[in-house]
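What's in coords_37.cif: mmCIF, N, CA and C atoms
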data_coords
loop_
_atom_site.group_PDB
_atom_site.id
_atom_site.type_symbol
_atom_site.label_atom_id
_atom_site.label_comp_id
_atom_site.auth_asym_id
_atom_site.auth_seq_id
_atom_site.Cartn_x
_atom_site.Cartn_y
_atom_site.Cartn_z
ATOM 1 N N MET S 29 0.811 -1.185 0.000
ATOM 2 C CA MET S 29 0.000 0.000 0.000
ATOM 3 C C MET S 29 0.861 1.259 0.000
ATOM 4 N N LYS S 30 1.980 1.237 0.732
ATOM 5 C CA LYS S 30 2.854 2.405 0.769
ATOM 6 C C LYS S 30 3.444 2.682 -0.601
ATOM 7 N N ARG S 31 3.790 1.626 -1.329
ATOM 8 C CA ARG S 31 4.362 1.803 -2.660
ATOM 9 C C ARG S 31 3.336 2.438 -3.604
ATOM 10 N N PHE S 32 2.082 1.994 -3.494
ATOM 11 C CA PHE S 32 1.019 2.553 -4.327
ATOM 12 C C PHE S 32 0.766 4.022 -3.973
ATOM 13 N N ALA S 33 0.701 4.333 -2.675
ATOM 14 C CA ALA S 33 0.461 5.707 -2.229
ATOM 15 C C ALA S 33 1.621 6.619 -2.610
ATOM 16 N N ARG S 34 2.819 6.056 -2.641
ATOM 17 C CA ARG S 34 4.005 6.836 -2.981
ATOM 18 C C ARG S 34 3.928 7.378 -4.402
ATOM 19 N N TRP S 35 3.278 6.663 -5.319
ATOM 20 C CA TRP S 35 3.131 7.104 -6.704
ATOM 21 C C TRP S 35 1.766 7.720 -6.981
ATOM 22 N N ALA S 36 0.754 7.276 -6.277
ATOM 23 C CA ALA S 36 -0.603 7.741 -6.569
ATOM 24 C C ALA S 36 -0.827 9.181 -6.120
ATOM 25 N N PHE S 37 -0.390 9.533 -4.921
ATOM 26 C CA PHE S 37 -0.647 10.874 -4.412
ATOM 27 C C PHE S 37 0.075 11.965 -5.216
ATOM 28 N N PRO S 38 1.332 11.805 -5.563
ATOM 29 C CA PRO S 38 1.951 12.819 -6.441
ATOM 30 C C PRO S 38 1.285 12.887 -7.824
ATOM 31 N N ALA S 39 0.856 11.746 -8.341
ATOM 32 C CA ALA S 39 0.173 11.755 -9.637
ATOM 33 C C ALA S 39 -1.169 12.479 -9.531
ATOM 34 N N LEU S 40 -1.914 12.241 -8.461
ATOM 35 C CA LEU S 40 -3.183 12.945 -8.255
ATOM 36 C C LEU S 40 -2.960 14.442 -8.068
ATOM 37 N N PHE S 41 -1.925 14.807 -7.335
ATOM 38 C CA PHE S 41 -1.603 16.208 -7.146
ATOM 39 C C PHE S 41 -1.258 16.873 -8.470
ATOM 40 N N LEU S 42 -0.455 16.206 -9.291
ATOM 41 C CA LEU S 42 -0.077 16.746 -10.587
ATOM 42 C C LEU S 42 -1.291 16.896 -11.502
ATOM 43 N N MET S 43 -2.178 15.905 -11.500
ATOM 44 C CA MET S 43 -3.390 15.999 -12.327
ATOM 45 C C MET S 43 -4.296 17.129 -11.842
ATOM 46 N N ALA S 44 -4.409 17.306 -10.528
ATOM 47 C CA ALA S 44 -5.228 18.398 -9.987
ATOM 48 C C ALA S 44 -4.623 19.751 -10.365
ATOM 49 N N ALA S 45 -3.301 19.879 -10.297
ATOM 50 C CA ALA S 45 -2.645 21.141 -10.665
ATOM 51 C C ALA S 45 -2.861 21.455 -12.140
ATOM 52 N N VAL S 46 -2.734 20.450 -13.006
ATOM 53 C CA VAL S 46 -2.958 20.649 -14.440
ATOM 54 C C VAL S 46 -4.405 21.048 -14.701
ATOM 55 N N PHE S 47 -5.353 20.419 -14.022
ATOM 56 C CA PHE S 47 -6.761 20.747 -14.198
ATOM 57 C C PHE S 47 -7.052 22.178 -13.756
ATOM 58 N N ILE S 48 -6.494 22.596 -12.630
ATOM 59 C CA ILE S 48 -6.727 23.958 -12.135
ATOM 60 C C ILE S 48 -6.141 24.989 -13.083
ATOM 61 N N ILE S 49 -4.935 24.741 -13.579
ATOM 62 C CA ILE S 49 -4.322 25.670 -14.534
ATOM 63 C C ILE S 49 -5.144 25.735 -15.814
ATOM 64 N N TRP S 50 -5.599 24.612 -16.317
ATOM 65 C CA TRP S 50 -6.436 24.591 -17.520
ATOM 66 C C TRP S 50 -7.739 25.354 -17.288
ATOM 67 N N PHE S 51 -8.379 25.127 -16.130
ATOM 68 C CA PHE S 51 -9.644 25.781 -15.817
ATOM 69 C C PHE S 51 -9.476 27.299 -15.716
ATOM 70 N N LEU S 52 -8.438 27.762 -15.050
ATOM 71 C CA LEU S 52 -8.198 29.195 -14.923
ATOM 72 C C LEU S 52 -7.801 29.826 -16.249
ATOM 73 N N HIS S 53 -7.155 29.067 -17.108
ATOM 74 C CA HIS S 53 -6.761 29.576 -18.423
ATOM 75 C C HIS S 53 -7.984 29.907 -19.285
ATOM 76 N N LEU S 54 -9.080 29.217 -19.056
ATOM 77 C CA LEU S 54 -10.303 29.508 -19.814
ATOM 78 C C LEU S 54 -10.797 30.928 -19.598
ATOM 79 N N PHE S 55 -10.524 31.513 -18.438
ATOM 80 C CA PHE S 55 -10.983 32.862 -18.131
ATOM 81 C C PHE S 55 -10.090 33.945 -18.729
ATOM 82 N N THR S 56 -8.912 33.587 -19.226
ATOM 83 C CA THR S 56 -8.010 34.586 -19.781
ATOM 84 C C THR S 56 -8.072 34.663 -21.296
ATOM 85 N N GLN S 57 -8.797 33.787 -21.943
ATOM 86 C CA GLN S 57 -8.877 33.799 -23.390
ATOM 87 C C GLN S 57 -9.954 34.772 -23.844
ATOM 88 N N VAL S 58 -9.635 35.547 -24.873
ATOM 89 C CA VAL S 58 -10.579 36.507 -25.417
ATOM 90 C C VAL S 58 -10.857 36.102 -26.858
ATOM 91 N N GLY S 59 -12.145 35.976 -27.191
ATOM 92 C CA GLY S 59 -12.509 35.537 -28.521
ATOM 93 C C GLY S 59 -12.525 36.655 -29.548
ATOM 94 N N GLU S 60 -12.710 37.907 -29.105
ATOM 95 C CA GLU S 60 -12.803 39.028 -30.026
ATOM 96 C C GLU S 60 -11.920 40.161 -29.534
ATOM 97 N N SER S 61 -11.566 41.042 -30.449
ATOM 98 C CA SER S 61 -10.793 42.201 -30.044
ATOM 99 C C SER S 61 -11.743 43.265 -29.499
ATOM 100 N N MET S 62 -11.211 44.146 -28.683
ATOM 101 C CA MET S 62 -12.036 45.179 -28.062
ATOM 102 C C MET S 62 -12.225 46.322 -29.047
ATOM 103 N N VAL S 63 -13.442 46.811 -29.132
ATOM 104 C CA VAL S 63 -13.761 47.927 -30.016
ATOM 105 C C VAL S 63 -14.154 49.112 -29.149
ATOM 106 N N PHE S 64 -13.574 50.251 -29.429
ATOM 107 C CA PHE S 64 -13.868 51.452 -28.673
ATOM 108 C C PHE S 64 -14.868 52.308 -29.426
ATOM 109 N N ILE S 65 -15.655 53.057 -28.692
ATOM 110 C CA ILE S 65 -16.627 53.971 -29.299
ATOM 111 C C ILE S 65 -15.919 55.264 -29.649
ATOM 112 N N ASN S 66 -16.136 55.756 -30.850
ATOM 113 C CA ASN S 66 -15.625 57.055 -31.252
ATOM 114 C C ASN S 66 -16.666 58.106 -30.884
ATOM 115 N N TRP S 67 -16.335 58.958 -29.924
ATOM 116 C CA TRP S 67 -17.283 59.964 -29.469
ATOM 117 C C TRP S 67 -17.351 61.098 -30.477
ATOM 118 N N ASP S 68 -18.563 61.419 -30.916
ATOM 119 C CA ASP S 68 -18.768 62.518 -31.859
ATOM 120 C C ASP S 68 -18.889 63.855 -31.154
ATOM 121 N N ASP S 69 -19.520 63.849 -29.996
ATOM 122 C CA ASP S 69 -19.780 65.089 -29.292
ATOM 123 C C ASP S 69 -19.721 64.827 -27.791
ATOM 124 N N SER S 70 -19.238 65.791 -27.037
ATOM 125 C CA SER S 70 -19.224 65.673 -25.578
ATOM 126 C C SER S 70 -19.489 67.052 -24.991
ATOM 127 N N VAL S 71 -20.442 67.110 -24.065
ATOM 128 C CA VAL S 71 -20.785 68.371 -23.419
ATOM 129 C C VAL S 71 -20.926 68.144 -21.922
ATOM 130 N N GLN S 72 -20.716 69.233 -21.179
ATOM 131 C CA GLN S 72 -20.967 69.225 -19.748
ATOM 132 C C GLN S 72 -22.292 69.921 -19.519
ATOM 133 N N LEU S 73 -23.193 69.271 -18.806
ATOM 134 C CA LEU S 73 -24.497 69.849 -18.497
ATOM 135 C C LEU S 73 -24.377 70.603 -17.185
ATOM 136 N N LEU S 74 -24.609 71.901 -17.247
ATOM 137 C CA LEU S 74 -24.500 72.737 -16.054
ATOM 138 C C LEU S 74 -25.807 72.702 -15.272
ATOM 139 N N SER S 75 -25.762 73.190 -14.037
ATOM 140 C CA SER S 75 -26.927 73.100 -13.154
ATOM 141 C C SER S 75 -28.102 73.929 -13.651
ATOM 142 N N ASP S 76 -27.864 74.986 -14.425
ATOM 143 C CA ASP S 76 -28.964 75.798 -14.934
ATOM 144 C C ASP S 76 -29.545 75.251 -16.239
ATOM 145 N N GLY S 77 -29.064 74.125 -16.702
ATOM 146 C CA GLY S 77 -29.597 73.479 -17.899
ATOM 147 C C GLY S 77 -28.845 73.792 -19.171
ATOM 148 N N THR S 78 -27.871 74.671 -19.118
ATOM 149 C CA THR S 78 -27.100 74.994 -20.317
ATOM 150 C C THR S 78 -26.017 73.948 -20.532
ATOM 151 N N GLU S 79 -25.513 73.931 -21.744
ATOM 152 C CA GLU S 79 -24.471 72.974 -22.109
ATOM 153 C C GLU S 79 -23.177 73.711 -22.422
ATOM 154 N N GLN S 80 -22.098 73.126 -22.012
ATOM 155 C CA GLN S 80 -20.782 73.686 -22.269
ATOM 156 C C GLN S 80 -19.950 72.614 -22.952
ATOM 157 N N PRO S 81 -19.270 72.931 -24.054
ATOM 158 C CA PRO S 81 -18.445 71.909 -24.727
ATOM 159 C C PRO S 81 -17.395 71.345 -23.770
ATOM 160 N N PHE S 82 -17.191 70.043 -23.864
ATOM 161 C CA PHE S 82 -16.248 69.345 -22.992
ATOM 162 C C PHE S 82 -15.262 68.602 -23.875
ATOM 163 N N LEU S 83 -14.010 68.977 -23.793
ATOM 164 C CA LEU S 83 -12.968 68.310 -24.576
ATOM 165 C C LEU S 83 -12.358 67.208 -23.724
ATOM 166 N N TRP S 84 -12.849 65.983 -23.911
ATOM 167 C CA TRP S 84 -12.428 64.868 -23.068
ATOM 168 C C TRP S 84 -11.008 64.427 -23.359
ATOM 169 N N GLU S 85 -10.443 64.810 -24.509
ATOM 170 C CA GLU S 85 -9.059 64.419 -24.804
ATOM 171 C C GLU S 85 -8.071 65.109 -23.868
ATOM 172 N N GLU S 86 -8.479 66.255 -23.306
ATOM 173 C CA GLU S 86 -7.580 67.019 -22.450
ATOM 174 C C GLU S 86 -7.520 66.481 -21.026
ATOM 175 N N TYR S 87 -8.459 65.603 -20.651
ATOM 176 C CA TYR S 87 -8.529 65.092 -19.292
ATOM 177 C C TYR S 87 -8.249 63.593 -19.282
ATOM 178 N N SER S 88 -7.568 63.158 -18.252
ATOM 179 C CA SER S 88 -7.397 61.719 -18.056
ATOM 180 C C SER S 88 -7.240 61.450 -16.573
ATOM 181 N N ASN S 89 -8.194 60.709 -16.022
ATOM 182 C CA ASN S 89 -8.184 60.345 -14.602
ATOM 183 C C ASN S 89 -8.018 61.546 -13.681
ATOM 184 N N VAL S 90 -8.804 62.573 -13.951
ATOM 185 C CA VAL S 90 -8.753 63.770 -13.119
ATOM 186 C C VAL S 90 -9.832 63.646 -12.056
ATOM 187 N N PRO S 91 -9.470 63.454 -10.782
ATOM 188 C CA PRO S 91 -10.489 63.266 -9.753
ATOM 189 C C PRO S 91 -11.269 64.532 -9.430
ATOM 190 N N ALA S 92 -10.798 65.700 -9.855
ATOM 191 C CA ALA S 92 -11.476 66.952 -9.527
ATOM 192 C C ALA S 92 -12.692 67.206 -10.406
ATOM 193 N N LEU S 93 -12.893 66.430 -11.456
ATOM 194 C CA LEU S 93 -14.049 66.628 -12.317
ATOM 195 C C LEU S 93 -15.316 66.258 -11.570
ATOM 196 N N SER S 94 -16.335 67.082 -11.707
ATOM 197 C CA SER S 94 -17.623 66.759 -11.116
ATOM 198 C C SER S 94 -18.707 67.345 -12.010
ATOM 199 N N GLY S 95 -19.892 66.834 -11.881
ATOM 200 C CA GLY S 95 -20.998 67.330 -12.680
ATOM 201 C C GLY S 95 -21.594 66.232 -13.537
ATOM 202 N N THR S 96 -22.390 66.668 -14.505
ATOM 203 C CA THR S 96 -23.043 65.734 -15.411
ATOM 204 C C THR S 96 -22.526 65.976 -16.818
ATOM 205 N N TYR S 97 -22.191 64.910 -17.500
ATOM 206 C CA TYR S 97 -21.632 64.985 -18.842
ATOM 207 C C TYR S 97 -22.459 64.122 -19.779
ATOM 208 N N ARG S 98 -22.515 64.519 -21.053
ATOM 209 C CA ARG S 98 -23.212 63.718 -22.055
ATOM 210 C C ARG S 98 -22.266 63.502 -23.235
ATOM 211 N N PHE S 99 -22.096 62.250 -23.590
ATOM 212 C CA PHE S 99 -21.257 61.870 -24.712
ATOM 213 C C PHE S 99 -22.142 61.214 -25.758
ATOM 214 N N THR S 100 -21.983 61.592 -27.006
ATOM 215 C CA THR S 100 -22.728 60.954 -28.091
ATOM 216 C C THR S 100 -21.733 60.383 -29.076
ATOM 217 N N GLY S 101 -22.072 59.235 -29.591
ATOM 218 C CA GLY S 101 -21.202 58.565 -30.540
ATOM 219 C C GLY S 101 -21.991 57.577 -31.364
ATOM 220 N N THR S 102 -21.357 57.060 -32.385
ATOM 221 C CA THR S 102 -21.991 56.099 -33.272
ATOM 222 C C THR S 102 -21.359 54.740 -33.060
ATOM 223 N N LEU S 103 -22.206 53.736 -32.879
ATOM 224 C CA LEU S 103 -21.696 52.382 -32.751
ATOM 225 C C LEU S 103 -21.328 51.838 -34.118
ATOM 226 N N LEU S 104 -20.290 51.059 -34.160
ATOM 227 C CA LEU S 104 -19.840 50.489 -35.417
ATOM 228 C C LEU S 104 -20.817 49.434 -35.908
ATOM 229 N N GLU S 105 -20.932 49.277 -37.205
ATOM 230 C CA GLU S 105 -21.855 48.303 -37.769
ATOM 231 C C GLU S 105 -21.446 46.872 -37.453
ATOM 232 N N GLN S 106 -20.166 46.650 -37.215
ATOM 233 C CA GLN S 106 -19.703 45.287 -36.957
ATOM 234 C C GLN S 106 -20.113 44.780 -35.577
ATOM 235 N N LEU S 107 -20.605 45.669 -34.726
ATOM 236 C CA LEU S 107 -21.107 45.232 -33.430
ATOM 237 C C LEU S 107 -22.510 44.676 -33.626
ATOM 238 N N SER S 108 -22.662 43.387 -33.433
ATOM 239 C CA SER S 108 -23.958 42.759 -33.676
ATOM 240 C C SER S 108 -24.953 43.069 -32.565
ATOM 241 N N ALA S 109 -24.489 43.158 -31.347
ATOM 242 C CA ALA S 109 -25.395 43.435 -30.235
ATOM 243 C C ALA S 109 -24.622 44.133 -29.127
ATOM 244 N N VAL S 110 -25.271 45.063 -28.502
ATOM 245 C CA VAL S 110 -24.686 45.756 -27.366
ATOM 246 C C VAL S 110 -25.534 45.392 -26.163
ATOM 247 N N SER S 111 -24.911 44.842 -25.143
ATOM 248 C CA SER S 111 -25.690 44.336 -24.022
ATOM 249 C C SER S 111 -26.063 45.422 -23.023
ATOM 250 N N ARG S 112 -25.150 46.340 -22.719
ATOM 251 C CA ARG S 112 -25.444 47.344 -21.709
ATOM 252 C C ARG S 112 -24.747 48.653 -22.031
ATOM 253 N N LEU S 113 -25.367 49.719 -21.611
ATOM 254 C CA LEU S 113 -24.768 51.035 -21.697
ATOM 255 C C LEU S 113 -24.824 51.629 -20.302
ATOM 256 N N PHE S 114 -23.678 51.909 -19.718
ATOM 257 C CA PHE S 114 -23.621 52.416 -18.359
ATOM 258 C C PHE S 114 -23.470 53.932 -18.388
ATOM 259 N N LEU S 115 -24.322 54.603 -17.651
ATOM 260 C CA LEU S 115 -24.227 56.042 -17.476
ATOM 261 C C LEU S 115 -23.932 56.312 -16.008
ATOM 262 N N GLN S 116 -22.985 57.196 -15.768
ATOM 263 C CA GLN S 116 -22.625 57.459 -14.398
ATOM 264 C C GLN S 116 -22.531 58.964 -14.220
ATOM 265 N N GLU S 117 -23.136 59.451 -13.161
ATOM 266 C CA GLU S 117 -23.033 60.849 -12.819
ATOM 267 C C GLU S 117 -21.971 60.983 -11.737
ATOM 268 N N ILE S 118 -21.046 61.882 -11.984
ATOM 269 C CA ILE S 118 -19.929 62.070 -11.047
ATOM 270 C C ILE S 118 -20.243 63.269 -10.168
ATOM 271 N N ARG S 119 -20.274 63.060 -8.869
ATOM 272 C CA ARG S 119 -20.512 64.156 -7.930
ATOM 273 C C ARG S 119 -19.451 64.105 -6.840
ATOM 274 N N ARG S 120 -19.009 65.243 -6.467
ATOM 275 C CA ARG S 120 -18.029 65.333 -5.363
ATOM 276 C C ARG S 120 -18.466 66.385 -4.404
#

Would you kindly transcribe this structure into structure tokens?
Amino acid sequence: MKRFARWAFPALFLMAAVFIIWFLHLFTQVGESMVFINWDDSVQLLSDGTEQPFLWEEYSNVPALSGTYRFTGTLLEQLSAVSRLFLQEIRR
């Protein structure tokens, strides 16, 4: 029995490790390339209801931005279905 356990347990451990690596690898594979939306227009909506042009190319990860913004763009024809569109209002 000791001789059998001496070979069986390392073999089971190796098979379990291979299975776990294979299973986790399934989550890292991407079937399609990512497509970004080209924004046609972007404005900041002020509290009095007026709109002010917003040049989003000038900002990147600026935590001081606050308010409501509206971005409009055209989805590419190659996108067969869009599942969700998230809108977020930033307030500080």

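In terms of minimum interatomic distance to Ser75 (chain S), S:Gly95 ranks closest within S:Ile49, S:Thr102, S:Gly95, S:Val58, counting all atoms listed in the file.
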
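For the set S:Ser70, S:Met43, S:Leu83, S:Asp76, the residue with the smallest atom-to-atom gap to Arg98 (chain S) is S:Ser70, counting all atoms listed in the file.
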
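Once the PyMOL selection byres ((chain S and resi 71) around 6.5) is applied to the shown structure, the selection contains Asp69, Ser70, Gln72, Leu73, Glu79, Gln80, Pro81, Phe82, Thr96, Tyr97, Arg98, Phe99 and Thr100 of chain S.
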
Please produce an output containing N, CA and C atoms for each residue in the selection, written as a PDB file, keeping the file's coordinate frame.
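Okay, selection.pdb is ready:
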ATOM      1  N   ASP S  69     -19.520  63.849 -29.996  1.00  0.00           N
ATOM      2  CA  ASP S  69     -19.780  65.089 -29.292  1.00  0.00           C
ATOM      3  C   ASP S  69     -19.721  64.827 -27.791  1.00  0.00           C
ATOM      4  N   SER S  70     -19.238  65.791 -27.037  1.00  0.00           N
ATOM      5  CA  SER S  70     -19.224  65.673 -25.578  1.00  0.00           C
ATOM      6  C   SER S  70     -19.489  67.052 -24.991  1.00  0.00           C
ATOM      7  N   GLN S  72     -20.716  69.233 -21.179  1.00  0.00           N
ATOM      8  CA  GLN S  72     -20.967  69.225 -19.748  1.00  0.00           C
ATOM      9  C   GLN S  72     -22.292  69.921 -19.519  1.00  0.00           C
ATOM     10  N   LEU S  73     -23.193  69.271 -18.806  1.00  0.00           N
ATOM     11  CA  LEU S  73     -24.497  69.849 -18.497  1.00  0.00           C
ATOM     12  C   LEU S  73     -24.377  70.603 -17.185  1.00  0.00           C
ATOM     13  N   GLU S  79     -25.513  73.931 -21.744  1.00  0.00           N
ATOM     14  CA  GLU S  79     -24.471  72.974 -22.109  1.00  0.00           C
ATOM     15  C   GLU S  79     -23.177  73.711 -22.422  1.00  0.00           C
ATOM     16  N   GLN S  80     -22.098  73.126 -22.012  1.00  0.00           N
ATOM     17  CA  GLN S  80     -20.782  73.686 -22.269  1.00  0.00           C
ATOM     18  C   GLN S  80     -19.950  72.614 -22.952  1.00  0.00           C
ATOM     19  N   PRO S  81     -19.270  72.931 -24.054  1.00  0.00           N
ATOM     20  CA  PRO S  81     -18.445  71.909 -24.727  1.00  0.00           C
ATOM     21  C   PRO S  81     -17.395  71.345 -23.770  1.00  0.00           C
ATOM     22  N   PHE S  82     -17.191  70.043 -23.864  1.00  0.00           N
ATOM     23  CA  PHE S  82     -16.248  69.345 -22.992  1.00  0.00           C
ATOM     24  C   PHE S  82     -15.262  68.602 -23.875  1.00  0.00           C
ATOM     25  N   THR S  96     -22.390  66.668 -14.505  1.00  0.00           N
ATOM     26  CA  THR S  96     -23.043  65.734 -15.411  1.00  0.00           C
ATOM     27  C   THR S  96     -22.526  65.976 -16.818  1.00  0.00           C
ATOM     28  N   TYR S  97     -22.191  64.910 -17.500  1.00  0.00           N
ATOM     29  CA  TYR S  97     -21.632  64.985 -18.842  1.00  0.00           C
ATOM     30  C   TYR S  97     -22.459  64.122 -19.779  1.00  0.00           C
ATOM     31  N   ARG S  98     -22.515  64.519 -21.053  1.00  0.00           N
ATOM     32  CA  ARG S  98     -23.212  63.718 -22.055  1.00  0.00           C
ATOM     33  C   ARG S  98     -22.266  63.502 -23.235  1.00  0.00           C
ATOM     34  N   PHE S  99     -22.096  62.250 -23.590  1.00  0.00           N
ATOM     35  CA  PHE S  99     -21.257  61.870 -24.712  1.00  0.00           C
ATOM     36  C   PHE S  99     -22.142  61.214 -25.758  1.00  0.00           C
ATOM     37  N   THR S 100     -21.983  61.592 -27.006  1.00  0.00           N
ATOM     38  CA  THR S 100     -22.728  60.954 -28.091  1.00  0.00           C
ATOM     39  C   THR S 100     -21.733  60.383 -29.076  1.00  0.00           C
TER      40      THR S 100
END

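The spacing separating CA of Leu74 (chain S) from CA of Ser94 (chain S) amounts to 10.4 Å.
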
- Note on the structure: atom C of Arg34 (chain S) sits from atom C of His53 (chain S) at a separation of 29.5 Å

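All polymer residues at most 8 Å from (-18.0, 55.9, -31.1), using only C-alpha atoms, appear as Phe64, Ile65, Asn66, Trp67, Asp68, Thr100, Gly101, Thr102, Leu103 and Leu104 of chain S.
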